[in-house]
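Working notes, beginning with the structure itself.
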Protein chains: 2
Amino acid sequence: MSFEINFEPIGRRYKSERPITLLDAARRSGIGIRTVCGGKQTCGKCRVKLLGEHPAPLAEGERKHLSSREIEEGYRLACAVTVTNHVDVYIPPSSLTEKQKLGIMGQESYIEVDPLIKKLKVSLEEATLDDVRSDERRLKEFLLAEYGLGGISADMEILKALTPALRHNRWKVDIALRDKEIVFVGPPSGGETAHGVSVDLGTTKIALYLVDLVSGETIDADGFINPQIAYGEDVMSRIMSAMTDPQNALRMQEEVVSTLNKSIEDLCHRNDLSPEEILEMTLVGNTAMHHLFLGFPTRQLALSPFVPVTDEPIDIKARDLGLKISPGAYVHVLPVIAGFVGADHVAMLLASGIVDQGEKAMGIDIGTNTEIALVIDDKIVSCSTASGPAFEGAHIRYGMRAAAGAIERVTIDPQTYEVKVMTIEDKPPVGICGSGVLDAIAEMLKTGVLDERGKLVREIPGVRRDKESGIYEFILVLQDRTEIEEDIVITQKDVVAIQLAKGAIRAGMNILLDQMKIGPEELEKVIIAGAFGLYIDPLNAIEIGMFPQLPLDRFLQVGNAAGVGAKMALISRKHRQKAVEIARRTNYLELTVVPDFAGKFAYAMQF
Amino acid sequence: MSFEINFEPIGRRYKSERPITLLDAARRSGIGIRTVCGGKQTCGKCRVKLLGEHPAPLAEGERKHLSSREIEEGYRLACAVTVTNHVDVYIPPSSLTEKQKLGIMGQESYIEVDPLIKKLKVSLEEATLDDVRSDERRLKEFLLAEYGLGGISADMEILKALTPALRHNRWKVDIALRDKEIVFVGPPSGGETAHGVSVDLGTTKIALYLVDLVSGETIDADGFINPQIAYGEDVMSRIMSAMTDPQNALRMQEEVVSTLNKSIEDLCHRNDLSPEEILEMTLVGNTAMHHLFLGFPTRQLALSPFVPVTDEPIDIKARDLGLKISPGAYVHVLPVIAGFVGADHVAMLLASGIVDQGEKAMGIDIGTNTEIALVIDDKIVSCSTASGPAFEGAHIRYGMRAAAGAIERVTIDPQTYEVKVMTIEDKPPVGICGSGVLDAIAEMLKTGVLDERGKLVREIPGVRRDKESGIYEFILVLQDRTEIEEDIVITQKDVVAIQLAKGAIRAGMNILLDQMKIGPEELEKVIIAGAFGLYIDPLNAIEIGMFPQLPLDRFLQVGNAAGVGAKMALISRKHRQKAVEIARRTNYLELTVVPDFAGKFAYAMQF
């Protein structure tokens with residue numbers, strides 16, 4: 001009887017037939033878990049969180065090293081837990097020896113810095129019995145006289161803070177205006193500084209950027225795994241989790257907020273700032289992440305016709321969401337377009353600069369759902385296609401996320417069928433990530449390991465039939481050269497998963513092109529966004545028919561464009577406005593209502 | 001050794017020389033405390049709250065009838081507690097056999113009904129795969145097409161509620177607009193209804209009015225004692241309490257909010273409404289009540305130069321204050337003018353209709369602080385004067401608030417000096433309320449019991465010297481005709497307290513008249529607002545020199561004008577705007593900076 005240990009958020013599964021400690025299973029899966037004592041329950045470094053029932057009573061060492069709160073939340077020491085059944089394990093970043101590649105730094109282009117937030121110096125006359133103007137009036141009259149600013153309002157929390165601040169600082173304070181609203185009051189500072197944070201809230205990853213609002217520069221960045229992963233790996237399963245128990249929706253919101261708070265605290269701490277100095281936040285995310293973050297209902301996003309609550313931008317006080325930044329600060333959440341085309345797509349279109357450039361351009365953000373936009377003249381049309389998680393390593397036999405030891409490049413000798421692989425950080429192979437799978441399939445096609453219908457050719461050396469499942473597979477790396485105790489292979493099922501994924505993407509592209517009545521060859525630019533998009537080889541993507549055959553210089557891999565878009569909306573009023581305009585102007589095309597969608601999808605699946 | 005039991009909020013003190021139960025002391029003071037068992041600790045009706053230390057251990061009957069929470073909060077059974085030392089006792093309204101006169105119904109004049117809140121019927125096309133507009137967009141496009149309404153925004157809580165409301169009600173809902181903001185969504189109703197609540201938040205009393213926003217009619221009203229009274233009887237002592245422990249400020253806010261919630265629940269319950277149907281609230285109060293309610297700092301209100309945080313109107317989501325009305329509803333808090341001239345004064349000026357009427361008019365709101373406004377042409381000048389609590393029955397030997405058994409009218413036979421008294425509800429006399437004291441002093445002056453300097457004339461029958469204190473006093477009612485076991489008298493100290501009170505008011509009036517350079521005889525109208533003002537006899541007020549000698553028809557006693565003003569701001573945009581304008585246009589005059597204020601005050605104290 002065999003069972004599997006599923007390591008989250010890395011997405012690596014370890015199959016065992018014997019009882020094994022979590023630490024050993026992780027090691028054999030090539031996952032670097034921190035340990036000083038080497039598994040003797042004495043260092044307490046190998047904390048992991050069990051996502052189900054506790055399989056065994058707490059060991060002595062666990063009682064010593066884990067707080068009662070940790071124990072309550074399901075934390076254990078990986079070295080102390082021996083498992084005999086299937087178990088899901090979450091490894092917190094703090095227990096990993098190396099950080100995962102999170103692709104949080106997108107390309108940034110030059111933009112004019114003109115944030116909504118402006119810091120101002122204020123110096124008031126002291127109140128006396130002859131001049132008993134209220135504190136707010138005194139401040140407003142100063143702003144009008146000194147800076148010519150009229151029609152100013154003040155946040156309630158600012159009004160509460162203003163009175164003591166004026167009296168403690170001899171009537172001299174710094175304030176921050178957000179357009180016409182006073183959102184900050186504090187003691188007078190030496191220089192003019194103002195800071196903000198922009199957030200790309202992904203289903204799997206959360207990226208935060210600490211930004212200097214005066215210079216427009218990104219000072220620091222941080223990346224986290226979305227803690228909602230415990231409620232489901234993809235958008236659909238999280239919505240289902242919220243539908244099953246409405247408390248789950250609240251919990252998911254709280255967990256994201258507390259992760260953001262923690263990360264902001266870290267970012268601020270290492271840059272000598274206090275979170276109270278963060279005066280504005282912008283956030284992008286797909287529609288489900290957007291809705292969960294804002295506390296909107298999500299049920300209708302899972303049911304046809306998949307309608308979002310709103311497609312307007314949202315400005316909400318950070319404190320109303322539990323975010324611990326400046327008490328008067330807002331979060332600006334960029335608008336979504338449709339149930340499956342979110343604010344991250346809007347941000348990608350903003351950052352890619354393909355709107356209003358006079359080019360025929362396409363923007364693609366590859367993920368579990370892949371959003372595609374086609375821009376021609378002043379028209380923008382977008383769709384979302386269910387490409388599945390294959391490119392993120394899921395549903396692939398040896399698939400994993402882009403962590404150390406993941407195979408990311410594959411070449412096959414067309415004569416000898418000898419396979420060469422490259423892994424992330426040159427570690428011994430433990431699995432294969434999305435771009436590696438794509439490479440492998442492309443090479444297998446080029447060298448004839450796969451035929452044009454996508455079948456593994458039995459006669460090729462390295463192709464074999466698995467005795468147990470009866471499924472054919474192609475060996476990439478033999479057991480003795482891997483870090484795991486198995487051969488790493490691409491199975492016939494893996495090939496079908498990739499066909500489904502690339503077929504969905506290509507069908508979406510084709511339908512948009514049909515809709516706007518242009519041929520693929522007319523595309524002048526294809527923007528490939530997202531962490532995965534940054535690592536793929538466009539030539540191989542063309543080889544497997546995922547992308548149309550275009551000169552390579554028309555493809556531009558821009559990395560985390562959504563994060564860049566979020567930052568642009570943070571430091572530039574013009575771009576914030578532009579994002580709203582892009583969302584308004586984008587026509588959403590629901591693929592499932594396109595005539596003969598199924599036929600077009602089937603066609604696009606072929607190699 | 002004698003000691004006093006102080007009963008709040010009635011303001012009645014009972015002096016005893018022997019150990020006595022609280023129930024007996026209350027009875028002897030003429031206070032009707034509920035009891036079924038007659039003091040046997042078996043009915044549990046006579047709950048009272050000790051405002052200091054517990055003087056005795058809990059009795060069996062108390063353990064049985066009081067919840068652990070009540071015990072924690074200091075509740076006891078009045079029949080079970082025998083006291084031997086000074087103690088302050090709060091009697092909750094639920095333990096009183098009769099309601100106090102609260103004067104919650106002010107005069108109402110006719111005004112045009114044009115509230116900020118409008119209910120609208122909405123009927124949307126159902127979302128389909130061919131029409132996947134977001135719920136918010138669908139609603140907004142309907143509002144534009146059907147009602148010609150553009151530029152509409154929606155509250156976050158409304159966005160959260162909109163999606164399920166549309167789907168549960170087959171895309172037909174009612175919404176409420178507050179100007180351009182959607183603040184309510186609910187199932188479609190039969191008729192057009194909308195409700196609001198206006199609140200007059202007094203230091204001692206809170207009055208609530210349930211208002212039909214369509215007809216403008218007041219449907220119901222409720223009055224409560226301000227629970228903050230446990231933190232101090234007057235504004236200053238509450239601010240001191242907040243300064244001593246910042247938690248007290250929070251607690252005072254919470255207690256007012258929870259009293260309002262309870263009262264709104266009652267009002268709604270007895271009018272077949274749910275609190276969620278209350279779509280708007282307006283509130284007035286003096287500056288300290290205003291600041292405590294909004295969570296503003298109050299320390300600076302107690303220290304010269306007594307500056308308020310703001311003098312702007314405040315619109316804040318009711319939910320942000322913990323008020324349980326419609327989730328999207330706002331509270332509109334009318335603006336204050338200065339540290340001692342609050343939103344209640346603004347509301348009084350609004351309701352009295354003396355602004356912009358082309359008359360020379362004065363508005364007076366008599367209380368512990370008396371606010372006075374003088375209106376001439378387009379000029380308004382206001383002041384606040386520390387008249388003290390004498391008119392509310394405090395600092396008067398047998399003073400009490402206007403409850404059953406309080407002497408409210410006094411006449412003295414000029415020949416025989418025989419005294420006749422009238423009491424509230426014709427109950428046997430237990431004390432004397434503010435208007436009764438004023439009557440008594442006026443009669444004593446007229447008949448020569450008092451000389452012009454304010455001295456009791458020893459030779460008059462009924463004037464005697466108290467053996468213990470050596471202070472002279474005038475007997476109003478002898479022991480055998482009172483409900484208490486003592487004679488009810490006016491002492492020389494009481495006379496001085498009234499001289500101080502009326503002197504403060506008259507000095508304020510004189511200084512405003514001087515300021516605007518008119519004589520008192522030029523006043524065409526004197527509005528006397530407030531519950532106390534409703535009960536006084538203006539002739540007697542003139543007799544003691546509190547008011548100038550004017551024809552009686554120039555005095556208008558309008559009762560709770562502040563409450564009426566709050567309601568006007570609830571049902572009329574124009575009047576809400578007018579209140580802001582009144583607050584802006586009113587010049588605050590700080591009396592203490594007027595040259596020779598002390599001399600003017602001393603002069604005004606004379607009879």
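A note on labels: chains of the structure tokens are A, B, ... as shown, every chain counts residues from 1, and ligands are counted from 1 in their shown order.
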Can you pull out every residue within 9 Å of Gly367 (chain A), counting only C-alpha atoms, but drop anything in the same chain fewer than 6 positions away, and send it as a short mmCIF file (atom, residue, chain, number, x, y, z; two decimals) with N, CA and C atoms, in the first residue's frame?
data_model
loop_
_atom_site.label_atom_id
_atom_site.label_comp_id
_atom_site.auth_asym_id
_atom_site.auth_seq_id
_atom_site.Cartn_x
_atom_site.Cartn_y
_atom_site.Cartn_z
N ALA A 386 -9.29 28.64 -20.00
CA ALA A 386 -8.95 27.75 -18.89
C ALA A 386 -7.79 26.85 -19.28
N SER A 387 -6.57 27.37 -19.18
CA SER A 387 -5.40 26.61 -19.64
C SER A 387 -4.95 25.60 -18.59
N GLY A 388 -5.51 25.67 -17.40
CA GLY A 388 -5.17 24.67 -16.38
C GLY A 388 -3.80 24.90 -15.77
N PRO A 389 -3.50 24.11 -14.74
CA PRO A 389 -2.27 24.37 -13.98
C PRO A 389 -1.05 23.60 -14.50
N ALA A 390 -1.14 23.00 -15.72
CA ALA A 390 -0.02 22.18 -16.21
C ALA A 390 1.27 23.00 -16.28
N PHE A 391 1.14 24.25 -16.73
CA PHE A 391 2.35 25.07 -16.86
C PHE A 391 2.91 25.49 -15.50
N GLU A 392 2.14 25.25 -14.46
CA GLU A 392 2.67 25.53 -13.12
C GLU A 392 3.15 24.24 -12.48
N GLY A 530 3.94 37.54 -16.92
CA GLY A 530 3.86 36.53 -15.86
C GLY A 530 5.19 35.84 -15.68
N PHE A 532 5.91 32.69 -15.37
CA PHE A 532 6.11 31.56 -16.26
C PHE A 532 6.51 32.03 -17.66
N GLY A 533 5.82 33.07 -18.10
CA GLY A 533 6.09 33.62 -19.43
C GLY A 533 7.52 34.10 -19.59
#
Give me, as a Markdown table, the closest atom pair and its distance (Å, one decimal) for every residue of chain B within a cut-off of 6 Å of chain A, counting only C-alpha atoms, rows sorted by chain and rising number.
| residue | atom | partner | partner_atom | distance |
| --- | --- | --- | --- | --- |
| B:Thr128 | CA | A:Pro305 | CA | 5.4 |
| B:Leu129 | CA | A:Pro305 | CA | 4.8 |
| B:Val132 | CA | A:Val307 | CA | 5.6 |
| B:Ser134 | CA | A:Pro308 | CA | 4.9 |
| B:Asp135 | CA | A:Val309 | CA | 5.0 |
| B:Glu136 | CA | A:Thr310 | CA | 4.9 |
| B:Lys160 | CA | A:Phe296 | CA | 5.0 |
| B:Phe296 | CA | A:Lys160 | CA | 5.0 |
| B:Pro305 | CA | A:Leu129 | CA | 4.8 |
| B:Val307 | CA | A:Ser134 | CA | 5.5 |
| B:Pro308 | CA | A:Ser134 | CA | 5.0 |
| B:Val309 | CA | A:Asp135 | CA | 5.0 |
| B:Thr310 | CA | A:Glu136 | CA | 4.9 |
| B:Asp311 | CA | A:Ser134 | CA | 6.0 |
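Residue nearest Ile219 (chain B) within the list B:Gly232, B:Gly196, B:Gly32, B:Gly191: B:Gly196 [criterion: smallest interatomic distance, only C-alpha atoms].
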Residues of region 67-304 of chain B in helix (DSSP H, G or I), written as a PDB file with C-alpha atoms, in the first residue's frame:
ATOM      1  CA  SER B  68     -22.601  37.930  36.818  1.00  0.00           C
ATOM      2  CA  ARG B  69     -22.221  40.747  34.311  1.00  0.00           C
ATOM      3  CA  GLU B  70     -24.539  42.980  36.301  1.00  0.00           C
ATOM      4  CA  ILE B  71     -22.634  42.188  39.473  1.00  0.00           C
ATOM      5  CA  GLU B  72     -19.395  43.042  37.738  1.00  0.00           C
ATOM      6  CA  PRO B  93     -34.859  53.833  33.936  1.00  0.00           C
ATOM      7  CA  SER B  94     -36.025  50.221  34.090  1.00  0.00           C
ATOM      8  CA  SER B  95     -36.097  50.352  37.894  1.00  0.00           C
ATOM      9  CA  ASP B 135     -23.690  43.953 -11.095  1.00  0.00           C
ATOM     10  CA  GLU B 136     -22.654  47.497 -10.270  1.00  0.00           C
ATOM     11  CA  ARG B 137     -22.449  48.539 -13.931  1.00  0.00           C
ATOM     12  CA  ARG B 138     -25.805  46.926 -14.707  1.00  0.00           C
ATOM     13  CA  LEU B 139     -27.380  48.861 -11.844  1.00  0.00           C
ATOM     14  CA  LYS B 140     -25.773  52.159 -12.794  1.00  0.00           C
ATOM     15  CA  GLU B 141     -26.772  51.842 -16.433  1.00  0.00           C
ATOM     16  CA  PHE B 142     -30.347  51.165 -15.299  1.00  0.00           C
ATOM     17  CA  LEU B 143     -30.335  54.236 -13.049  1.00  0.00           C
ATOM     18  CA  LEU B 144     -29.113  56.369 -15.924  1.00  0.00           C
ATOM     19  CA  ALA B 145     -31.595  54.962 -18.440  1.00  0.00           C
ATOM     20  CA  GLU B 146     -34.605  54.810 -16.120  1.00  0.00           C
ATOM     21  CA  TYR B 147     -34.115  57.804 -13.852  1.00  0.00           C
ATOM     22  CA  MET B 156     -18.690  49.005  -0.155  1.00  0.00           C
ATOM     23  CA  GLU B 157     -21.237  47.277   2.080  1.00  0.00           C
ATOM     24  CA  ILE B 158     -23.891  47.863  -0.564  1.00  0.00           C
ATOM     25  CA  LEU B 159     -21.659  46.295  -3.210  1.00  0.00           C
ATOM     26  CA  LYS B 160     -21.302  43.263  -0.930  1.00  0.00           C
ATOM     27  CA  ALA B 161     -25.079  43.041  -0.475  1.00  0.00           C
ATOM     28  CA  LEU B 162     -26.071  43.869  -4.053  1.00  0.00           C
ATOM     29  CA  THR B 163     -24.961  40.617  -5.689  1.00  0.00           C
ATOM     30  CA  PRO B 164     -26.964  38.225  -3.466  1.00  0.00           C
ATOM     31  CA  ALA B 165     -29.915  40.674  -3.279  1.00  0.00           C
ATOM     32  CA  LEU B 166     -30.244  40.750  -7.076  1.00  0.00           C
ATOM     33  CA  ARG B 167     -30.103  36.963  -7.336  1.00  0.00           C
ATOM     34  CA  HIS B 168     -32.503  36.289  -4.452  1.00  0.00           C
ATOM     35  CA  PRO B 227     -25.496  56.760  30.573  1.00  0.00           C
ATOM     36  CA  GLN B 228     -22.283  58.807  30.655  1.00  0.00           C
ATOM     37  CA  ILE B 229     -23.714  60.358  33.818  1.00  0.00           C
ATOM     38  CA  ALA B 230     -21.844  57.613  35.685  1.00  0.00           C
ATOM     39  CA  TYR B 231     -18.615  59.367  34.581  1.00  0.00           C
ATOM     40  CA  VAL B 235     -19.345  68.199  30.716  1.00  0.00           C
ATOM     41  CA  MET B 236     -16.219  69.177  32.646  1.00  0.00           C
ATOM     42  CA  SER B 237     -16.237  66.169  34.929  1.00  0.00           C
ATOM     43  CA  ARG B 238     -16.654  63.840  31.923  1.00  0.00           C
ATOM     44  CA  ILE B 239     -13.699  65.411  30.167  1.00  0.00           C
ATOM     45  CA  MET B 240     -11.697  65.064  33.379  1.00  0.00           C
ATOM     46  CA  SER B 241     -12.728  61.432  33.546  1.00  0.00           C
ATOM     47  CA  ALA B 242     -11.462  60.950  29.975  1.00  0.00           C
ATOM     48  CA  MET B 243      -8.208  62.712  30.863  1.00  0.00           C
ATOM     49  CA  THR B 244      -7.664  60.514  33.916  1.00  0.00           C
ATOM     50  CA  PRO B 246      -8.296  57.389  28.072  1.00  0.00           C
ATOM     51  CA  GLN B 247     -10.279  54.153  28.300  1.00  0.00           C
ATOM     52  CA  ASN B 248     -13.078  56.169  29.897  1.00  0.00           C
ATOM     53  CA  ALA B 249     -13.484  58.193  26.704  1.00  0.00           C
ATOM     54  CA  LEU B 250     -13.910  54.950  24.755  1.00  0.00           C
ATOM     55  CA  ARG B 251     -16.320  53.593  27.328  1.00  0.00           C
ATOM     56  CA  MET B 252     -18.402  56.765  27.312  1.00  0.00           C
ATOM     57  CA  GLN B 253     -18.623  56.551  23.520  1.00  0.00           C
ATOM     58  CA  GLU B 254     -19.598  52.893  23.664  1.00  0.00           C
ATOM     59  CA  GLU B 255     -22.245  53.468  26.305  1.00  0.00           C
ATOM     60  CA  VAL B 256     -23.912  56.230  24.320  1.00  0.00           C
ATOM     61  CA  VAL B 257     -23.792  54.128  21.156  1.00  0.00           C
ATOM     62  CA  SER B 258     -25.245  51.106  22.899  1.00  0.00           C
ATOM     63  CA  THR B 259     -28.001  53.244  24.459  1.00  0.00           C
ATOM     64  CA  LEU B 260     -28.802  54.647  21.022  1.00  0.00           C
ATOM     65  CA  ASN B 261     -28.840  51.139  19.541  1.00  0.00           C
ATOM     66  CA  LYS B 262     -31.170  49.923  22.262  1.00  0.00           C
ATOM     67  CA  SER B 263     -33.495  52.885  21.849  1.00  0.00           C
ATOM     68  CA  ILE B 264     -33.554  52.564  18.049  1.00  0.00           C
ATOM     69  CA  GLU B 265     -34.348  48.885  18.414  1.00  0.00           C
ATOM     70  CA  ASP B 266     -37.266  49.746  20.729  1.00  0.00           C
ATOM     71  CA  LEU B 267     -38.529  52.520  18.457  1.00  0.00           C
ATOM     72  CA  CYS B 268     -38.333  50.257  15.416  1.00  0.00           C
ATOM     73  CA  HIS B 269     -39.879  47.301  17.203  1.00  0.00           C
ATOM     74  CA  PRO B 275     -33.210  48.910  12.527  1.00  0.00           C
ATOM     75  CA  GLU B 276     -31.763  48.030   9.110  1.00  0.00           C
ATOM     76  CA  GLU B 277     -34.523  50.163   7.590  1.00  0.00           C
ATOM     77  CA  THR B 287     -19.266  70.272  21.782  1.00  0.00           C
ATOM     78  CA  ALA B 288     -18.135  67.845  24.485  1.00  0.00           C
ATOM     79  CA  MET B 289     -20.948  65.362  23.717  1.00  0.00           C
ATOM     80  CA  HIS B 290     -20.194  65.816  19.998  1.00  0.00           C
ATOM     81  CA  HIS B 291     -16.489  65.106  20.509  1.00  0.00           C
ATOM     82  CA  LEU B 292     -17.026  62.126  22.812  1.00  0.00           C
ATOM     83  CA  PHE B 293     -19.575  60.654  20.388  1.00  0.00           C
ATOM     84  CA  LEU B 294     -17.187  60.947  17.442  1.00  0.00           C
ATOM     85  CA  ARG B 299      -8.699  67.401  26.675  1.00  0.00           C
ATOM     86  CA  GLN B 300      -8.284  70.700  24.814  1.00  0.00           C
ATOM     87  CA  LEU B 301     -11.961  71.509  25.447  1.00  0.00           C
ATOM     88  CA  ALA B 302     -11.207  71.687  29.162  1.00  0.00           C
TER      89      ALA B 302
END
The residue from B:Gln549, B:Ile571, B:Tyr330, B:Thr423 with the smallest atom-to-atom distance to Leu210 (chain B), counting only C-alpha atoms, is B:Ile571
Would you return as a short mmCIF file (atom, residue, chain, number, x, y, z; two decimals) with C-alpha atoms, in the first residue's frame the members of region 144-371 of chain A that DSSP assigns to strand (DSSP E) on this structure's backbone?
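Output file states-v7.cif follows:
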data_model
loop_
_atom_site.label_atom_id
_atom_site.label_comp_id
_atom_site.auth_asym_id
_atom_site.auth_seq_id
_atom_site.Cartn_x
_atom_site.Cartn_y
_atom_site.Cartn_z
CA SER A 153 -11.40 67.64 3.59
CA ALA A 154 -9.93 65.61 6.43
CA LYS A 172 4.21 72.51 13.35
CA VAL A 173 3.34 69.24 11.61
CA ASP A 174 3.68 67.41 8.32
CA ILE A 175 0.53 66.43 6.53
CA ALA A 176 -0.15 64.39 3.42
CA LEU A 177 -2.85 65.25 0.94
CA ARG A 178 -4.44 62.64 -1.27
CA GLU A 181 -8.22 64.83 1.39
CA ILE A 182 -5.82 65.05 4.31
CA VAL A 183 -4.80 61.44 4.97
CA PHE A 184 -1.79 61.86 7.24
CA VAL A 185 -0.60 64.07 10.05
CA GLY A 186 2.67 63.58 11.87
CA HIS A 195 6.15 56.02 0.74
CA GLY A 196 3.66 53.63 -0.74
CA VAL A 197 3.28 49.94 -1.37
CA SER A 198 1.97 48.23 -4.49
CA VAL A 199 0.76 44.66 -4.40
CA ASP A 200 0.30 41.98 -7.02
CA LEU A 201 -2.04 39.54 -5.32
CA LYS A 205 2.16 34.28 -5.16
CA ILE A 206 1.90 37.69 -3.59
CA ALA A 207 4.46 40.29 -4.59
CA LEU A 208 4.90 43.55 -2.69
CA TYR A 209 6.90 46.59 -3.78
CA LEU A 210 7.96 49.33 -1.40
CA VAL A 211 8.01 52.53 -3.43
CA ASP A 212 9.41 56.00 -2.77
CA THR A 218 11.12 50.85 -6.00
CA ILE A 219 13.17 50.69 -2.81
CA ASP A 220 12.57 47.08 -1.93
CA ALA A 221 10.36 44.13 -2.80
CA ASP A 222 9.11 41.04 -1.10
CA GLY A 223 7.39 37.89 -2.26
CA PHE A 224 5.18 35.47 -0.39
CA ILE A 225 3.17 32.41 -1.12
CA ILE A 278 3.02 54.00 4.22
CA LEU A 279 0.56 56.52 2.84
CA GLU A 280 -1.02 54.65 -0.07
CA MET A 281 -1.35 51.14 -1.42
CA THR A 282 -2.35 49.89 -4.84
CA LEU A 283 -3.38 46.33 -5.48
CA VAL A 284 -4.07 44.15 -8.50
CA GLY A 285 -5.24 40.58 -8.69
CA ILE A 314 -12.21 50.69 -5.53
CA ASP A 315 -10.75 53.21 -3.12
CA ILE A 316 -11.11 51.96 0.41
CA LYS A 317 -9.49 52.96 3.68
CA TYR A 330 -6.31 54.28 1.17
CA VAL A 331 -5.93 51.13 -0.83
CA HIS A 332 -6.64 51.72 -4.50
CA VAL A 333 -7.72 48.45 -6.09
CA ALA A 361 -0.54 43.81 -30.43
CA MET A 362 -1.46 40.94 -28.19
CA GLY A 363 -0.89 40.64 -24.46
CA ILE A 364 -0.90 37.21 -22.81
CA ASP A 365 -0.72 36.42 -19.11
CA THR A 370 -4.70 32.58 -19.21
CA GLU A 371 -5.95 36.04 -20.09
#
Report as number ranges by chain all protein, DNA and RNA residues lying within 7 Å of region 434-443 of chain B, evaluated on only C-alpha atoms, omitting residues in the same chain fewer than 3 positions from it. B: 390-393, 407-412, 446-447, 532, 535-536, 540, 543-544
Extract, using only C-alpha atoms, all DNA, RNA and protein residues at most 10 Å from Gly353 (chain A), discarding same-chain residues fewer than 2 positions from it, and format them as JSON, numbers by chain. {"A": [109, 348, 349, 350, 351, 355, 356, 357, 361, 363, 527, 565]}
Using only C-alpha atoms, can you tell me which of B:Lys324, B:Arg585, B:Lys360, B:Arg34 comes closest to Glu524 (chain B)? B:Lys360
Env of region 573-576 of chain A: 9 Å cut, atoms = only C-alpha atoms, seq-sep filter 4 positions within chain, self excluded. Answer as a ChimeraX atom specification. /A:111-116,334,350,565-566,568-569,580-581
Tell me which of A:Asp494, A:Asn286, A:Met516, A:Asp426 sits closest to Asp377 (chain A), counting only C-alpha atoms.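 Residue with the minimum atom-to-atom distance to Asp377 (chain A): A:Met516.
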Neighbour list for Ile528 (chain B) as a PyMOL selection string, cut-off 8 Å, only C-alpha atoms, skip fewer than 6 positions in-chain: chain B and resi 363-366+534+555-559
For CA of Gly61 (chain A) and CA of Val81 (chain A), the interatomic separation in Å (one decimal): 10.9 Å
At what distance in Å, to one decimal, does CA of Leu50 (chain B) lie from CA of Arg63 (chain B)?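 Taking CA of Arg63 (chain B) as the start and CA of Leu50 (chain B) as the end point, the length is 15.7 Å.
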Name the residues in contact with region 450-457 of chain B at a cut-off of 8 Å, using only C-alpha atoms, excluding same-chain residues fewer than 6 positions from it; report them as a compact mmCIF listing (two decimals) with N, CA and C atoms, in the first residue's frame.
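result_36.txt, written as the output of this step:
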# COMPACT_ATOMS: atom_id res chain seq x y z
N ILE B 441 -37.82 82.09 44.36
CA ILE B 441 -36.97 83.27 44.57
C ILE B 441 -37.73 84.54 44.13
N MET B 444 -40.29 85.34 46.67
CA MET B 444 -39.63 85.80 47.89
C MET B 444 -39.17 87.25 47.73
N VAL B 463 -38.89 82.42 58.00
CA VAL B 463 -37.44 82.51 57.90
C VAL B 463 -36.86 82.08 59.25
N TYR B 472 -29.31 80.84 57.33
CA TYR B 472 -30.74 81.17 57.33
C TYR B 472 -31.45 80.43 56.20
N GLU B 473 -32.75 80.14 56.42
CA GLU B 473 -33.52 79.44 55.38
C GLU B 473 -34.99 79.84 55.48
N PHE B 474 -35.70 79.65 54.38
CA PHE B 474 -37.13 79.98 54.34
C PHE B 474 -37.90 78.71 54.05
N GLN B 492 -30.20 80.41 52.32
CA GLN B 492 -29.46 81.58 51.84
C GLN B 492 -28.45 81.13 50.76
N VAL B 495 -30.10 80.79 47.46
CA VAL B 495 -30.33 82.10 46.84
C VAL B 495 -29.08 82.56 46.10
N VAL B 496 -27.92 82.35 46.74
CA VAL B 496 -26.67 82.76 46.10
C VAL B 496 -26.43 81.94 44.82
N GLN B 606 -27.03 91.07 40.78
CA GLN B 606 -27.97 91.76 41.67
C GLN B 606 -29.41 91.51 41.24
N PHE B 607 -30.29 91.57 42.26
CA PHE B 607 -31.73 91.42 41.94
C PHE B 607 -32.32 92.73 41.44
